[in-house]
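Listing of coords.txt; format and content: compact mmCIF, C-alpha atoms.
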```txt
# COMPACT_ATOMS: atom_id res chain seq x y z
CA ASN Z 1439 -16.48 37.47 27.88
CA ILE Z 1440 -19.15 39.65 29.52
CA ASP Z 1441 -20.97 38.50 32.63
CA PRO Z 1442 -24.50 39.96 32.45
CA LEU Z 1443 -24.79 39.83 36.25
CA THR Z 1444 -21.77 41.99 37.01
CA VAL Z 1445 -21.61 44.45 34.10
CA LYS Z 1446 -24.04 47.33 33.66
CA PRO Z 1447 -26.06 47.11 30.40
CA SER Z 1448 -24.71 50.49 29.24
CA ILE Z 1449 -21.10 49.32 29.67
CA ALA Z 1450 -21.78 45.92 28.11
CA GLU Z 1451 -23.45 47.64 25.14
CA ARG Z 1452 -20.32 49.72 24.42
CA GLN Z 1453 -18.03 46.70 24.77
CA LEU Z 1454 -20.16 44.57 22.45
CA HIS Z 1455 -20.49 47.35 19.87
CA SER Z 1456 -16.72 47.78 19.84
CA ALA Z 1457 -16.53 44.04 19.06
CA GLN Z 1458 -18.97 44.56 16.14
CA ILE Z 1459 -21.81 42.81 17.98
CA ASN Z 1460 -25.09 44.67 17.65
CA ILE Z 1461 -27.35 44.33 20.68
CA SER Z 1462 -29.51 46.96 22.36
CA ARG Z 1463 -29.46 48.04 25.99
CA PRO Z 1464 -33.07 46.83 26.62
CA GLN Z 1465 -32.06 43.40 25.33
CA LEU Z 1466 -29.09 43.33 27.70
CA SER Z 1467 -31.31 44.38 30.61
CA ALA Z 1468 -33.77 41.58 29.80
CA LEU Z 1469 -30.86 39.13 29.61
CA LYS Z 1470 -29.64 40.27 33.02
CA ILE Z 1471 -33.08 39.66 34.53
CA ARG Z 1472 -33.30 36.17 32.99
CA GLU Z 1473 -29.84 35.25 34.25
CA ARG Z 1474 -30.69 36.41 37.76
CA LYS Z 1475 -33.74 34.15 37.86
CA LYS Z 1476 -31.54 31.12 37.09
CA ILE Z 1477 -29.49 31.60 40.25
CA ASP Z 1478 -30.68 30.11 43.52
CA PHE Z 1479 -29.75 32.77 46.06
CA PRO Z 1480 -29.84 31.67 49.70
CA ILE Z 1481 -32.92 32.81 51.58
CA THR Z 1482 -32.13 34.63 54.82
CA THR Z 1483 -34.77 34.49 57.55
CA LEU Z 1484 -35.22 36.84 60.50
CA GLY Z 1485 -33.90 34.03 62.69
CA ASP Z 1486 -30.70 33.89 60.62
CA ILE Z 1487 -30.24 37.65 61.05
CA ALA Z 1488 -30.90 37.43 64.79
CA THR Z 1489 -28.30 34.66 65.12
CA TRP Z 1490 -25.78 36.69 63.14
CA VAL Z 1491 -26.37 39.78 65.31
CA ALA Z 1492 -26.01 37.73 68.51
CA GLU Z 1493 -22.59 36.52 67.34
CA CYS Z 1494 -21.33 40.05 66.56
CA PRO Z 1495 -19.60 42.25 69.14
CA GLN Z 1496 -21.80 44.86 70.80
CA GLU Z 1497 -18.86 46.44 72.65
CA SER Z 1498 -15.10 46.56 72.14
CA ASP Z 1499 -12.01 48.23 73.61
CA ASP Z 1500 -10.55 48.36 70.09
CA LEU Z 1501 -11.51 51.74 68.59
CA ASP Z 1502 -11.45 50.25 65.06
CA GLN Z 1503 -13.50 47.13 65.80
CA SER Z 1504 -16.87 47.18 64.02
CA ILE Z 1505 -19.72 46.76 66.46
CA VAL Z 1506 -23.49 46.42 66.23
CA ILE Z 1507 -24.74 49.61 67.88
CA LYS Z 1508 -28.34 48.48 67.94
CA SER Z 1509 -30.66 46.09 66.12
CA SER Z 1510 -34.39 45.54 65.84
CA ILE Z 1511 -36.06 42.40 64.49
CA ASP Z 1512 -39.85 42.46 64.47
CA TYR Z 1513 -41.31 38.98 64.00
CA ASP Z 1514 -44.89 40.20 64.37
CA ARG Z 1515 -44.79 42.55 61.36
CA GLY Z 1516 -43.22 40.09 58.91
CA GLN Z 1517 -39.80 40.67 57.39
CA VAL Z 1518 -39.01 43.88 59.28
CA PHE Z 1519 -35.50 44.32 60.62
CA ARG Z 1520 -32.86 47.00 61.19
CA VAL Z 1521 -29.18 46.60 62.09
CA VAL Z 1522 -26.91 49.60 62.80
CA PHE Z 1523 -23.08 49.39 62.64
CA SER Z 1524 -20.17 51.67 63.46
CA THR Z 1525 -16.85 51.83 65.31
CA LYS Z 1526 -15.83 53.93 68.31
CA ARG Z 1527 -13.32 55.88 66.21
CA LEU Z 1528 -15.93 56.78 63.59
CA LEU Z 1529 -18.33 57.87 66.32
CA GLN Z 1530 -15.53 59.98 67.77
CA THR Z 1531 -15.21 61.66 64.37
CA ALA Z 1532 -18.90 62.57 64.45
CA SER Z 1533 -18.61 64.00 67.96
CA ARG Z 1534 -16.41 66.83 66.61
CA ALA Z 1535 -18.62 67.77 63.63
CA SER Z 1536 -21.80 69.84 63.39
CA VAL Z 1537 -23.35 68.75 60.07
CA LEU Z 1538 -24.81 65.28 59.53
CA HIS Z 1539 -25.40 63.89 56.01
CA ILE Z 1540 -27.84 61.01 55.54
CA HIS Z 1541 -29.00 59.15 52.46
CA ALA Z 1542 -30.24 55.73 51.33
CA THR Z 1543 -28.56 53.63 48.67
CA TYR Z 1544 -29.85 50.62 46.78
CA LYS Z 1545 -28.91 47.66 44.55
CA LEU Z 1546 -26.39 46.31 47.04
CA VAL Z 1547 -28.39 43.44 48.56
CA TRP Z 1548 -30.61 40.76 47.08
CA GLY Z 1549 -34.14 40.93 48.46
CA ASP Z 1550 -34.69 44.67 48.02
CA CYS Z 1551 -33.16 45.64 51.34
CA HIS Z 1552 -32.09 49.24 51.85
CA VAL Z 1553 -28.78 50.57 53.10
CA LEU Z 1554 -28.80 53.86 55.02
CA VAL Z 1555 -25.54 55.81 55.25
CA LEU Z 1556 -24.74 58.52 57.80
CA GLY Z 1557 -21.65 60.70 57.88
CA VAL Z 1558 -20.07 64.14 58.25
CA SER Z 1559 -17.97 66.35 55.98
CA ASP Z 1560 -14.77 68.24 56.74
CA MET Z 1561 -13.79 71.72 55.60
CA ASN Z 1562 -12.15 70.26 52.48
CA ARG Z 1563 -15.57 68.87 51.48
CA ARG Z 1564 -14.50 65.26 52.04
CA PHE Z 1565 -17.12 62.87 53.33
CA HIS Z 1566 -16.45 60.75 56.43
CA ILE Z 1567 -18.76 57.83 57.09
CA ILE Z 1568 -19.75 57.29 60.71
CA ALA Z 1569 -22.45 54.58 60.60
CA MET Z 1570 -24.45 52.31 58.29
CA CYS Z 1571 -27.80 50.61 58.68
CA LEU Z 1572 -29.21 47.61 56.83
CA THR Z 1573 -32.99 47.83 56.91
CA SER Z 1574 -35.97 46.15 55.32
CA ASP Z 1575 -37.59 49.51 54.50
CA GLU Z 1576 -36.85 53.25 54.47
CA GLU Z 1577 -39.90 54.56 56.25
CA GLU Z 1578 -39.86 57.20 58.99
CA GLU Z 1579 -39.37 54.55 61.67
CA ALA Z 1580 -36.23 53.23 59.94
CA TYR Z 1581 -34.58 56.66 59.72
CA ARG Z 1582 -35.55 57.53 63.27
CA PHE Z 1583 -34.17 54.23 64.57
CA PHE Z 1584 -30.90 54.77 62.67
CA LEU Z 1585 -30.40 58.37 63.80
CA GLU Z 1586 -31.41 57.78 67.42
CA SER Z 1587 -29.20 54.68 67.72
CA THR Z 1588 -26.16 56.52 66.35
CA LEU Z 1589 -26.70 59.65 68.45
CA ASP Z 1590 -27.25 57.52 71.57
CA ALA Z 1591 -23.93 55.74 70.91
CA ILE Z 1592 -22.10 59.08 70.48
CA ASP Z 1593 -23.62 60.33 73.74
CA GLN Z 1594 -22.68 57.11 75.52
CA PHE Z 1595 -19.03 57.08 74.45
CA TYR Z 1596 -18.18 60.78 74.07
CA GLY Z 1597 -20.78 62.80 75.93
CA ARG Z 1598 -23.89 64.70 74.92
CA LYS Z 1599 -23.71 66.07 71.37
CA VAL Z 1600 -26.14 68.45 69.65
CA PHE Z 1601 -25.83 68.68 65.86
CA THR Z 1602 -26.59 71.90 64.02
CA TYR Z 1603 -27.79 70.52 60.68
CA LEU Z 1604 -29.18 67.35 59.14
CA MET Z 1605 -28.58 67.38 55.37
CA ALA Z 1606 -30.67 65.06 53.17
CA ASP Z 1607 -32.89 64.99 50.09
CA CYS Z 1608 -36.56 65.97 50.24
CA SER Z 1609 -37.71 62.63 51.68
CA LEU Z 1610 -40.77 63.06 53.87
CA SER Z 1611 -39.64 60.06 55.94
CA ILE Z 1612 -36.35 61.79 56.80
CA SER Z 1613 -38.19 65.03 57.61
CA ALA Z 1614 -40.55 63.17 59.97
CA ALA Z 1615 -37.62 61.43 61.68
CA PHE Z 1616 -35.85 64.79 62.04
CA ASN Z 1617 -38.91 66.38 63.64
CA GLY Z 1618 -38.76 63.86 66.46
CA LEU Z 1619 -35.07 64.49 67.12
CA HIS Z 1620 -35.53 68.25 66.74
CA SER Z 1621 -38.21 68.24 69.44
CA GLN Z 1622 -35.66 66.57 71.75
CA GLY Z 1623 -33.08 69.28 70.96
CA ARG Z 1624 -30.62 66.80 69.40
CA ILE Z 1625 -30.57 68.24 65.84
CA LEU Z 1626 -31.41 71.91 65.38
CA HIS Z 1627 -32.03 72.40 61.63
CA ARG Z 1628 -33.12 70.35 58.62
CA ARG Z 1629 -31.58 71.23 55.25
CA HIS Z 1630 -32.63 69.92 51.84
CA CYS Z 1631 -29.99 69.02 49.27
CA PHE Z 1632 -29.99 71.71 46.58
CA TYR Z 1633 -29.27 69.29 43.73
CA HIS Z 1634 -32.12 66.93 44.63
CA VAL Z 1635 -34.51 69.89 44.57
CA LYS Z 1636 -33.04 71.10 41.28
CA THR Z 1637 -33.49 67.66 39.69
CA ALA Z 1638 -37.10 67.40 40.87
CA ILE Z 1639 -38.01 70.87 39.64
CA VAL Z 1640 -36.48 70.37 36.21
CA ASN Z 1641 -37.86 66.84 35.79
CA ASN Z 1642 -41.41 68.03 36.56
CA ILE Z 1643 -41.45 70.50 33.67
CA SER Z 1644 -43.19 67.99 31.39
CA GLU Z 1645 -45.81 67.08 33.99
CA TYR Z 1646 -46.83 70.61 34.96
CA ALA Z 1647 -45.95 72.65 31.87
CA GLY Z 1648 -47.90 70.39 29.53
CA ALA Z 1649 -46.92 69.23 26.05
CA ILE Z 1650 -44.48 71.92 24.95
CA GLY Z 1651 -42.03 71.78 22.06
CA LYS Z 1652 -38.47 70.55 22.45
CA GLU Z 1653 -36.94 74.02 22.09
CA ALA Z 1654 -39.46 75.60 24.48
CA LYS Z 1655 -38.74 72.88 27.05
CA LYS Z 1656 -35.01 73.43 26.66
CA GLU Z 1657 -35.43 77.19 27.12
CA LEU Z 1658 -37.63 76.70 30.21
CA LYS Z 1659 -35.15 74.21 31.68
CA LYS Z 1660 -32.30 76.71 31.30
CA LYS Z 1661 -34.42 79.48 32.82
CA MET Z 1662 -35.22 77.28 35.81
CA GLU Z 1663 -31.56 76.40 36.37
CA LEU Z 1664 -30.63 80.10 36.40
CA MET Z 1665 -33.53 80.88 38.70
CA LEU Z 1666 -32.56 78.14 41.14
CA LEU Z 1667 -28.95 79.26 41.32
CA SER Z 1668 -29.96 82.85 41.96
CA LEU Z 1669 -32.47 81.82 44.62
CA HIS Z 1670 -29.88 79.55 46.19
CA TYR Z 1671 -27.83 82.55 47.20
CA SER Z 1672 -30.61 84.83 48.34
CA ASN Z 1673 -30.99 85.42 52.05
CA ALA Z 1674 -34.24 85.04 53.97
CA ALA Z 1675 -35.29 88.66 53.35
CA GLN Z 1676 -34.66 88.49 49.61
CA PHE Z 1677 -36.01 84.99 49.02
CA GLY Z 1678 -39.77 85.63 48.95
CA THR Z 1679 -39.53 88.71 46.71
CA LEU Z 1680 -37.05 87.11 44.33
CA PHE Z 1681 -39.08 83.89 44.14
CA ASP Z 1682 -42.28 85.75 43.21
CA GLU Z 1683 -40.43 87.90 40.69
CA MET Z 1684 -38.92 84.92 38.93
CA THR Z 1685 -42.03 82.74 38.90
CA SER Z 1686 -44.03 85.68 37.50
CA GLU Z 1687 -41.96 85.27 34.37
CA LEU Z 1688 -43.57 81.83 33.91
CA ASP Z 1689 -46.95 83.31 32.92
CA ARG Z 1690 -47.10 80.93 29.93
CA TYR Z 1691 -47.01 77.99 32.37
CA PRO Z 1692 -49.39 78.87 35.25
CA GLU Z 1693 -49.72 75.27 36.54
CA TYR Z 1694 -45.94 74.92 36.71
CA ALA Z 1695 -45.60 78.27 38.50
CA ASN Z 1696 -48.24 77.23 41.07
CA TYR Z 1697 -46.45 73.90 41.60
CA LEU Z 1698 -43.21 75.76 42.37
CA LYS Z 1699 -44.88 78.20 44.79
CA ASN Z 1700 -46.95 75.59 46.63
CA THR Z 1701 -44.10 73.13 47.01
CA TYR Z 1702 -40.82 74.98 47.16
CA LYS Z 1703 -41.82 78.36 48.53
CA HIS Z 1704 -44.35 77.40 51.17
CA GLN Z 1705 -43.40 73.84 52.12
CA ILE Z 1706 -39.63 73.40 51.77
CA SER Z 1707 -37.96 76.74 51.28
CA ASN Z 1708 -34.80 76.00 53.26
CA TRP Z 1709 -33.24 74.14 50.34
CA CYS Z 1710 -32.15 77.41 48.82
CA ILE Z 1711 -31.20 79.61 51.74
CA GLY Z 1712 -27.59 79.02 52.75
CA ASP Z 1713 -28.67 79.84 56.29
CA ALA Z 1714 -27.21 83.13 57.53
CA PHE Z 1715 -23.96 82.49 55.71
CA TYR Z 1716 -25.16 81.96 52.10
CA VAL Z 1717 -23.60 78.49 52.04
CA PRO Z 1718 -24.69 76.01 49.34
CA THR Z 1719 -26.67 73.02 50.55
CA CYS Z 1720 -25.83 69.69 48.94
CA ASN Z 1721 -25.22 66.03 49.66
CA ASN Z 1722 -22.76 65.47 46.81
CA GLN Z 1723 -20.02 64.08 49.03
CA LEU Z 1724 -22.30 61.35 50.36
CA GLU Z 1725 -23.62 60.52 46.90
CA GLY Z 1726 -20.04 60.13 45.70
CA TYR Z 1727 -19.24 57.80 48.61
CA ASN Z 1728 -22.24 55.60 47.78
CA GLY Z 1729 -20.94 55.34 44.23
CA HIS Z 1730 -17.51 54.40 45.59
CA ILE Z 1731 -19.03 51.52 47.59
CA LYS Z 1732 -20.91 50.17 44.59
CA THR Z 1733 -18.13 50.54 42.02
CA ASN Z 1734 -14.86 50.12 43.90
CA GLU Z 1735 -15.72 48.12 47.00
CA MET Z 1736 -18.36 45.80 45.55
CA ALA Z 1737 -17.58 45.88 41.80
CA ARG Z 1738 -21.31 46.28 41.08
CA LEU Z 1739 -22.09 42.88 42.62
CA LYS Z 1740 -25.11 42.18 44.79
CA LEU Z 1741 -24.73 40.14 47.96
CA ASP Z 1742 -27.22 38.15 49.99
CA ILE Z 1743 -28.11 39.60 53.39
CA LYS Z 1744 -25.65 37.59 55.49
CA GLN Z 1745 -22.80 38.27 53.06
CA PHE Z 1746 -23.59 41.97 53.06
CA LEU Z 1747 -23.70 42.12 56.86
CA ASP Z 1748 -20.16 40.69 56.92
CA PHE Z 1749 -19.15 43.15 54.20
CA MET Z 1750 -20.48 46.13 56.16
CA MET Z 1751 -18.54 45.09 59.26
CA GLU Z 1752 -15.31 44.82 57.28
CA LEU Z 1753 -15.92 48.08 55.37
CA LEU Z 1754 -16.42 50.11 58.55
CA HIS Z 1755 -13.40 48.44 60.16
CA CYS Z 1756 -11.25 49.50 57.19
CA GLU Z 1757 -12.70 53.01 57.14
CA SER Z 1758 -11.93 53.36 60.82
CA ARG Z 1759 -8.34 52.16 60.43
CA ARG Z 1760 -7.76 54.64 57.56
CA ARG Z 1761 -8.14 57.52 59.97
CA ASN Z 1762 -4.68 58.55 61.12
CA PRO Z 1763 -4.70 58.68 64.96
CA GLN Z 1764 -1.94 61.30 64.87
CA SER Z 1765 -3.88 63.79 62.75
CA GLN Z 1766 -7.54 63.08 63.41
CA ASP Z 1767 -7.77 65.59 66.26
CA LYS Z 1768 -6.38 68.33 64.02
CA LYS Z 1769 -8.93 67.89 61.23
CA LEU Z 1770 -11.39 70.75 60.83
CA PHE Z 1771 -14.95 69.61 60.37
CA ALA Z 1772 -17.64 71.65 58.73
CA GLY Z 1773 -19.54 73.88 61.10
CA THR Z 1774 -21.93 74.86 58.32
CA ILE Z 1775 -23.20 73.06 55.24
CA SER Z 1776 -20.37 72.02 52.94
CA ILE Z 1777 -19.55 74.19 49.92
CA ASP Z 1778 -19.75 73.14 46.28
CA GLN Z 1779 -17.16 75.37 44.59
CA SER Z 1780 -18.49 75.17 41.01
CA THR Z 1781 -21.94 76.23 42.18
CA VAL Z 1782 -20.45 79.17 44.05
CA ASN Z 1783 -18.57 80.40 40.99
CA GLU Z 1784 -21.56 80.11 38.65
CA ALA Z 1785 -24.02 81.70 41.05
CA VAL Z 1786 -21.70 84.61 41.78
CA SER Z 1787 -21.83 85.52 38.09
CA LEU Z 1788 -25.54 84.89 37.59
CA LYS Z 1789 -26.70 86.81 40.62
CA GLU Z 1790 -25.26 90.13 39.37
CA ASP Z 1791 -28.37 90.76 37.29
CA LYS Z 1792 -30.73 90.64 40.27
CA PHE Z 1793 -28.69 92.05 43.15
CA PRO Z 1794 -25.58 93.75 41.71
CA THR Z 1795 -24.42 95.23 45.01
CA CYS Z 1796 -25.14 92.30 47.30
CA THR Z 1797 -22.27 90.67 49.17
CA MET Z 1798 -22.21 86.97 49.95
CA ARG Z 1799 -20.50 85.44 52.93
CA ILE Z 1800 -19.20 81.89 52.56
CA GLY Z 1801 -18.77 80.21 55.91
CA GLN Z 1802 -18.14 82.67 58.68
CA THR Z 1803 -15.04 84.50 57.51
CA VAL Z 1804 -14.88 85.02 53.74
CA ILE Z 1805 -16.75 88.02 52.31
CA ILE Z 1806 -17.20 88.16 48.54
CA ASP Z 1807 -18.74 90.86 46.37
CA VAL Z 1808 -20.83 89.21 43.68
CA ARG Z 1809 -19.31 91.54 41.10
CA ASP Z 1810 -15.96 89.85 41.64
CA LYS Z 1811 -15.96 86.83 39.30
CA LYS Z 1812 -12.59 85.46 40.33
CA ARG Z 1813 -12.45 81.90 41.59
CA MET Z 1814 -12.11 81.69 45.33
```

Please lay out the structure from this file as structure tokens.
Amino acid sequence: NIDPLTVKPSIAERQLHSAQINISRPQLSALKIRERKKIDFPITTLGDIATWVAECPQESDDLDQSIVIKSSIDYDRGQVFRVVFSTKRLLQTASRASVLHIHATYKLVWGDCHVLVLGVSDMNRRFHIIAMCLTSDEEEEAYRFFLESTLDAIDQFYGRKVFTYLMADCSLSISAAFNGLHSQGRILHRRHCFYHVKTAIVNNISEYAGAIGKEAKKELKKKMELMLLSLHYSNAAQFGTLFDEMTSELDRYPEYANYLKNTYKHQISNWCIGDAFYVPTCNNQLEGYNGHIKTNEMARLKLDIKQFLDFMMELLHCESRRRNPQSQDKKLFAGTISIDQSTVNEAVSLKEDKFPTCTMRIGQTVIIDVRDKKRM
């Protein structure tokens, strides 16, 4: 038996085909929508959320107790609300790190609410959640409220903390929220996730390169991937020259070349420069954690708002208790953007053609000659 509400259409399609039942994925998606409409999900009002928040602890002596750091319910603007959660132990974790990762995730709550996740990564590239926010939207104000609330809580419990980097995708809302915190001296640098930029650049080939054949598109896609990897490991001095050199090879696609220059050279160039240390910039750890929540913690189920608020409190409580009090002070947290090892290995090989004598420094201690193709 397959429940269309809990099983993804792609998975259900494989299971049904193995049982010799022929049904397409679009048909399964339509079935899922019809089944959802039959269910009467409870409607949660702003008053219900306000009552729930009032009953939750705002302060606790227990380091692992989930607390509501801050909430905002705006009755004048309609269904606008934001609720931020964490624990003192998770905030303590953040106080020893330098790199913040932030991202939004979806399809967890009925009613099209958004869940914002904030965390840090250690030197083993493991993600550590520090706070979550349930919000009615993901505009600049929502991200700013989430970041400011969390940083204020860290300052309150563990003293003033200035973070070196904020890692996220290319969201303009996140960039605007960062600008406000940057002007206050609370976060110094904004970094764009390399893989989000790579996906956007490759996906826009059809829009800007026009109607090109399948093989030509495949060739251009491969060329762009090689170009991005090489650019990713160029330093500030090399970046402009190398960018112009590589885009000049796209003379058959002038509109696409202009799109790349106008957007990724002049507007958001810091996606590719691993700062002074040639360190890859990515949010993969956070993306993986979001997938863990959906698949392992929630089994691909959606909850109503009040159920999800309870779930978030329990999730953060469990995450906090998983941290071993005996070893947490010995954990090394990333002082620079976390490293994606497979990207390092591939780029080391690819970059030989452009800068055969260039050395790349990963972190602050390891020096690697790009001619050395051994795995680090």

Centre and size of axis-aligned box enclosing segment 1570-1576 of chain Z plus 5 Å each side, as lines of an AutoDock Vina configuration file:
```
center_x = -31.0
center_y = 49.7
center_z = 56.6
size_x = 23.1
size_y = 17.1
size_z = 14.2
```

Q: Go through Z:His1755, Z:Arg1761, Z:His1620, Z:Lys1732 and flag the residue nearest Tyr1544 of chain Z, using only C-alpha atoms for the distances.
A: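 Among the listed residues, the smallest separation from Tyr1544 of chain Z belongs to Z:Lys1732.
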
With the cut-off set at 9 Å and counting all atoms listed in the file, tabulate each residue of segment 1456-1550 of chain Z with an atom at most that distance from an atom of segment 1725-1731 of chain Z, showing the nearest atom pair and its distance in Å to one decimal, ordered by chain and increasing number, as JSON lines.
```
{"residue": "Z:His1541", "atom": "CA", "partner": "Z:Glu1725", "partner_atom": "CA", "distance": 7.9}
{"residue": "Z:Ala1542", "atom": "CA", "partner": "Z:Asn1728", "partner_atom": "CA", "distance": 8.8}
{"residue": "Z:Thr1543", "atom": "CA", "partner": "Z:Asn1728", "partner_atom": "CA", "distance": 6.7}
```

Q: Would you be able to write out as a list in words which residues have an atom within 10 Å of (-31.8, 48.3, 53.6) in the file's coordinates, counting only C-alpha atoms?
A: Phe1519, Arg1520, Val1521, Ala1542, Thr1543, Tyr1544, Lys1545, Leu1546, Val1547, Gly1549, Asp1550, Cys1551, His1552, Val1553, Leu1554, Val1555, Met1570, Cys1571, Leu1572, Thr1573, Ser1574, Asp1575, Glu1576, Ala1580 and Ile1743 of chain Z

(Q) Here is a test: counting only C-alpha atoms, which residue of Z:Ala1638, Z:Leu1538, Z:Leu1724, Z:Ala1450 is nearest to Leu1469 of chain Z? (A)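 For Leu1469 of chain Z, the nearest of the given residues is Z:Ala1450.
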
Q. Out of Z:Ser1613, Z:Ser1498, Z:Ser1686, Z:Gln1723, which residue has the shortest atom-to-atom distance to Ser1524 of chain Z when counting only C-alpha atoms?
A. Z:Ser1498

Q) Suppose you want the space between atom CA of Tyr1694 of chain Z and atom CA of Ala1606 of chain Z; what is it in Å? A) 24.5 Å

**Q.** Test item: which residues lie within 8 Å of (-19.3, 64.0, 56.1) counting all atoms listed in the file, as a PyMOL selection string
**A.** chain Z and resi 1537-1539+1556-1560+1563-1567+1723-1724

(Q) Can you tell me which residues surround Gly1618 of chain Z at a distance of at most 12 Å, considering all atoms listed in the file, apart from same-chain residues fewer than 3 positions away, and format the answer as a list in words? (A)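 Here the answer would be Glu1578, Glu1579, Tyr1581, Arg1582, Phe1583, Leu1585, Glu1586, Ser1611, Ile1612, Ser1613, Ala1614, Ala1615, Ser1621, Gln1622, Gly1623, Arg1624, Ile1625, Leu1626, His1627 and Arg1628 of chain Z.
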
Q: Name the residues in contact with Leu1528 of chain Z at a cut-off of 8 Å, using only C-alpha atoms, excluding same-chain residues fewer than 6 positions from it; report them as a list in words.
A: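 Listing them by chain and then by number gives Ile1567, Ile1568, Ala1569 and Ser1758 of chain Z.
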
Q.
Need to verify the contact set: segment 1596-1598 of chain Z, 8 Å, all atoms listed in the file, exclusion of same-chain residues closer than 3 positions in sequence. Can you return it as number ranges by chain?
A. Z: 1530, 1533, 1592-1593

Q) What does the distance between atom CA of Gly1651 of chain Z and atom CA of Lys1699 of chain Z come to in Å, to one decimal place? A)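 Atom CA of Gly1651 of chain Z sits 23.8 Å away from atom CA of Lys1699 of chain Z.
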
Q: Provide the atom CA of His1630 of chain Z to atom CA of Phe1616 of chain Z distance in Å, to one decimal place.
A: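 Computing it gives 11.9 Å between the two atoms.
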